[in-house]
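Encoded as structure tokens, the structure appears first; notes follow it.
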Protein chains: 2
Amino acid sequence: MTARYAFFISDSTGITSQTLGNALLPLFKETQFHKVYLPYTDSIEKADEAIRQINEAAAKTGAKPLIFDTIMNPEIRDHIAQSKGSLMDIIGTFLPSLEKELGSVSSYQVGQSHDNPSGERALIRMDAVNFALENDDGMKTRYYGDADVILIGVSRSAKTPTCLYIAMQHGIFAANYPLTEEDLNKGELPKSLREHKNKLFALTIDPSRLSDIRQQRRADSKYASIKQCAWEVKEGLFLYRKLGIPTIDTTSISVEEIATQIIVQKNLQRRV
Amino acid sequence: MTARYAFFISDSTGITSQTLGNALLPLFKETQFHKVYLPYTDSIEKADEAIRQINEAAAKTGAKPLIFDTIMNPEIRDHIAQSKGSLMDIIGTFLPSLEKELGSVSSYQVGQSHDNPSGERALIRMDAVNFALENDDGMKTRYYGDADVILIGVSRSAKTPTCLYIAMQHGIFAANYPLTEEDLNKGELPKSLREHKNKLFALTIDPSRLSDIRQQRRADSKYASIKQCAWEVKEGLFLYRKLGIPTIDTTSISVEEIATQIIVQKNLQRRV
């Protein structure tokens, strides 16, 4: 396995360059990447420091460091290009095409910052996160009318992280309800959920994976036993099928993927 | 204001294309964008449906829709390129440069999927989210030893969303503690925090914005009154300065920006 440095450089938070890097670098399985993050590189002085680090990494490894850069200021960007790295110039690549296609000059020219969501966008996300927190884990059921989607599933099937991700990333209002042993024994949903059947989406998980996760929380308990986990998962799946509730297996997929699948299958509208 | 369609097309979740679009499109303030998301476009048939929608949008607006595309399969990507849209081909632009620089072929060729984080990455993020939830709002203080950072601030100063974001995006373990009236009156931190002073980071907020936020939660309460908010914010700032705790004003910046500032100032290591 060879080693290579990868720099993520931005004059703002650097989220865009990181996201692109996270999508592309895992495709190169024979290379191990040392990642260096340099957000807020917004002056020639800071660019000089970035260049120093890049050149040092180049000397150390004898290979060009990769640079994923989203610097808006062309002067600083051109400066970084002088380093001994291999530049993936995200803004410089796409901004000119966009300006040409839209027939207008991007507002960076007049001093605007990028990837700083507008106040409205930030507020919607904050509202959605607060909704997810306040309607987590079946704590309240009276606001289900305001939910865009309600996730159901047995304890520790990834409902909470999914709700939070979907709120933070997409501004969607997501509640969740953990199915209890009583629900599963009865083989039916509580009344509060039956009223909102069209909003339901179920998460399921491999029983042995579930048992591992529960062991971390309550070791050697009935709750974490493989027998209990297998029973809950089986009864849950039976219920979802009986009621025709769309279901996704969360065992080996990322929270991004769970969220996107839910959005697609329920045809949810992103608010941000 | 002119209107333009923007398509985000991926054979996976589409998070990468959305992130890039969210960074670039707000720079064009004179254009209103209708955003269409087409994740899981992973077959020629689905690409045909995408093309149909793109061409329909082109006919409707008389302008080329923008396409931000992260499709890995070159055949499907080339197919989309036949549409009447203006293509920002993210993978096609950067992957060949990376392959050349790294001297190896990306593993997509052998059927791997992109932006699906490895199991380990997913587990770390899940652990970090659970840590944030379990150590939210001062509920527990005994795990502060395990925290990478502990956010403090008055109620509703954006501590919880910041902790969750930092956990989800960066795998960092963040706890938070809301300063109480008692803490502020005493002008000192509780003992549980004093032991971890080097981990503390304070969030502050404009008092009238804070009052607005609190009004939504408890209208016409003392808690939401501008007088109370102004007092809490002032006493909080006094305390942070006295103790030399780094502080950020969250009033008009995004949660991404708050998180990145904290990471930079505390020199935190991203775990994912």
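Ligands are numbered from 1 in the order shown, residues from 1 within each chain, and chains are lettered A, B, ... in the order they appear in the structure tokens.
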
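Applying a distance limit of 6 Å to only C-alpha atoms, the residues of chain B near chain A read Thr13, Thr16, Thr19, Leu20, Ala23, Leu27, Phe28, Ser106, Ser107, His114, Asp115, Glu257 and Thr260 of chain B.
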
Once you have the residues from the selection above, write them out as a short mmCIF file (atom, residue, chain, number, x, y, z; two decimals), in the first residue's frame, restricted to C-alpha atoms.
data_model
loop_
_atom_site.label_atom_id
_atom_site.label_comp_id
_atom_site.auth_asym_id
_atom_site.auth_seq_id
_atom_site.Cartn_x
_atom_site.Cartn_y
_atom_site.Cartn_z
CA THR B 13 -27.21 9.10 -2.97
CA THR B 16 -21.64 14.99 -3.53
CA THR B 19 -22.96 19.76 -1.94
CA LEU B 20 -21.19 21.16 -4.98
CA ALA B 23 -21.76 25.86 -2.92
CA LEU B 27 -23.35 32.77 -6.15
CA PHE B 28 -25.84 33.50 -8.95
CA SER B 106 -10.02 3.43 -9.63
CA SER B 107 -11.85 0.47 -8.22
CA HIS B 114 -18.86 5.27 -4.39
CA ASP B 115 -19.84 7.50 -1.47
CA GLU B 257 -19.25 27.17 9.99
CA THR B 260 -15.39 24.19 11.47
#

- Message: According to DSSP computed on the backbone, where in segment 20-220 of chain B is there strand (DSSP E)? Give the residues as a PyMOL selection string.
- Response: chain B and resi 31-38+66-70+86-89+149-153+174-178+200-204

- List the neighbours of Ile172 of chain B out to 7 Å using only C-alpha atoms; skip same-chain residues closer than 3 positions along the sequence, and give me the result as number ranges by chain. B: 128, 148, 166-167, 270-271

Go ahead and dump the residues you just picked, all heavy atoms, as an mmCIF file, in the first residue's frame.
data_model
loop_
_atom_site.group_PDB
_atom_site.id
_atom_site.type_symbol
_atom_site.label_atom_id
_atom_site.label_comp_id
_atom_site.auth_asym_id
_atom_site.auth_seq_id
_atom_site.Cartn_x
_atom_site.Cartn_y
_atom_site.Cartn_z
ATOM 1 N N ALA B 128 -20.330 8.538 17.607
ATOM 2 C CA ALA B 128 -20.220 9.963 17.933
ATOM 3 C C ALA B 128 -21.604 10.587 18.100
ATOM 4 O O ALA B 128 -21.826 11.407 18.999
ATOM 5 C CB ALA B 128 -19.414 10.689 16.855
ATOM 6 N N ASP B 148 -14.258 14.942 23.115
ATOM 7 C CA ASP B 148 -13.201 15.707 22.448
ATOM 8 C C ASP B 148 -13.375 17.191 22.741
ATOM 9 O O ASP B 148 -12.415 17.948 22.778
ATOM 10 C CB ASP B 148 -13.277 15.492 20.928
ATOM 11 C CG ASP B 148 -12.995 14.056 20.535
ATOM 12 O OD1 ASP B 148 -12.033 13.483 21.087
ATOM 13 O OD2 ASP B 148 -13.736 13.514 19.702
ATOM 14 N N ILE B 166 -21.246 18.044 14.306
ATOM 15 C CA ILE B 166 -19.822 17.736 14.448
ATOM 16 C C ILE B 166 -19.611 16.224 14.595
ATOM 17 O O ILE B 166 -18.610 15.672 14.135
ATOM 18 C CB ILE B 166 -19.291 18.566 15.651
ATOM 19 C CG1 ILE B 166 -17.941 19.161 15.366
ATOM 20 C CG2 ILE B 166 -19.272 17.800 16.916
ATOM 21 C CD1 ILE B 166 -17.518 20.174 16.423
ATOM 22 N N ALA B 167 -20.584 15.571 15.197
ATOM 23 C CA ALA B 167 -20.526 14.112 15.346
ATOM 24 C C ALA B 167 -20.780 13.432 14.011
ATOM 25 O O ALA B 167 -20.027 12.557 13.581
ATOM 26 C CB ALA B 167 -21.568 13.656 16.365
ATOM 27 N N ARG B 270 -10.396 15.167 13.183
ATOM 28 C CA ARG B 270 -11.552 14.471 12.600
ATOM 29 C C ARG B 270 -11.316 12.958 12.665
ATOM 30 O O ARG B 270 -10.235 12.488 12.355
ATOM 31 C CB ARG B 270 -11.714 14.881 11.142
ATOM 32 C CG ARG B 270 -12.116 16.332 10.952
ATOM 33 C CD ARG B 270 -11.801 16.765 9.537
ATOM 34 N NE ARG B 270 -12.401 18.041 9.176
ATOM 35 C CZ ARG B 270 -11.818 19.226 9.378
ATOM 36 N NH1 ARG B 270 -10.632 19.289 9.958
ATOM 37 N NH2 ARG B 270 -12.429 20.337 9.013
ATOM 38 N N ARG B 271 -12.341 12.223 13.041
ATOM 39 C CA ARG B 271 -12.198 10.762 13.109
ATOM 40 C C ARG B 271 -12.702 10.071 11.846
ATOM 41 O O ARG B 271 -12.486 8.875 11.682
ATOM 42 C CB ARG B 271 -12.996 10.211 14.290
ATOM 43 C CG ARG B 271 -12.409 10.552 15.647
ATOM 44 C CD ARG B 271 -13.320 10.035 16.758
ATOM 45 N NE ARG B 271 -13.109 10.757 17.989
ATOM 46 C CZ ARG B 271 -12.310 10.345 18.962
ATOM 47 N NH1 ARG B 271 -11.659 9.231 18.836
ATOM 48 N NH2 ARG B 271 -12.167 11.059 20.062
#

- Message: If DSSP is run on the backbone, what residues of segment 41-265 of chain A are alpha helix (DSSP H)? A reply as a ChimeraX atom specification would be ideal.
- Response: /A:44-61,74-80,90-102,119-134,159-170,181-186,191-194,207-217,226-243,255-265

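Summary of the local environment: counting only C-alpha atoms, residues at most 6 Å from Ala174 of chain A, other than itself and those fewer than 3 positions away along its chain, are A:Ala132, A:Ala147, A:Asp148, A:Val149, A:Ile150, A:Cys163.
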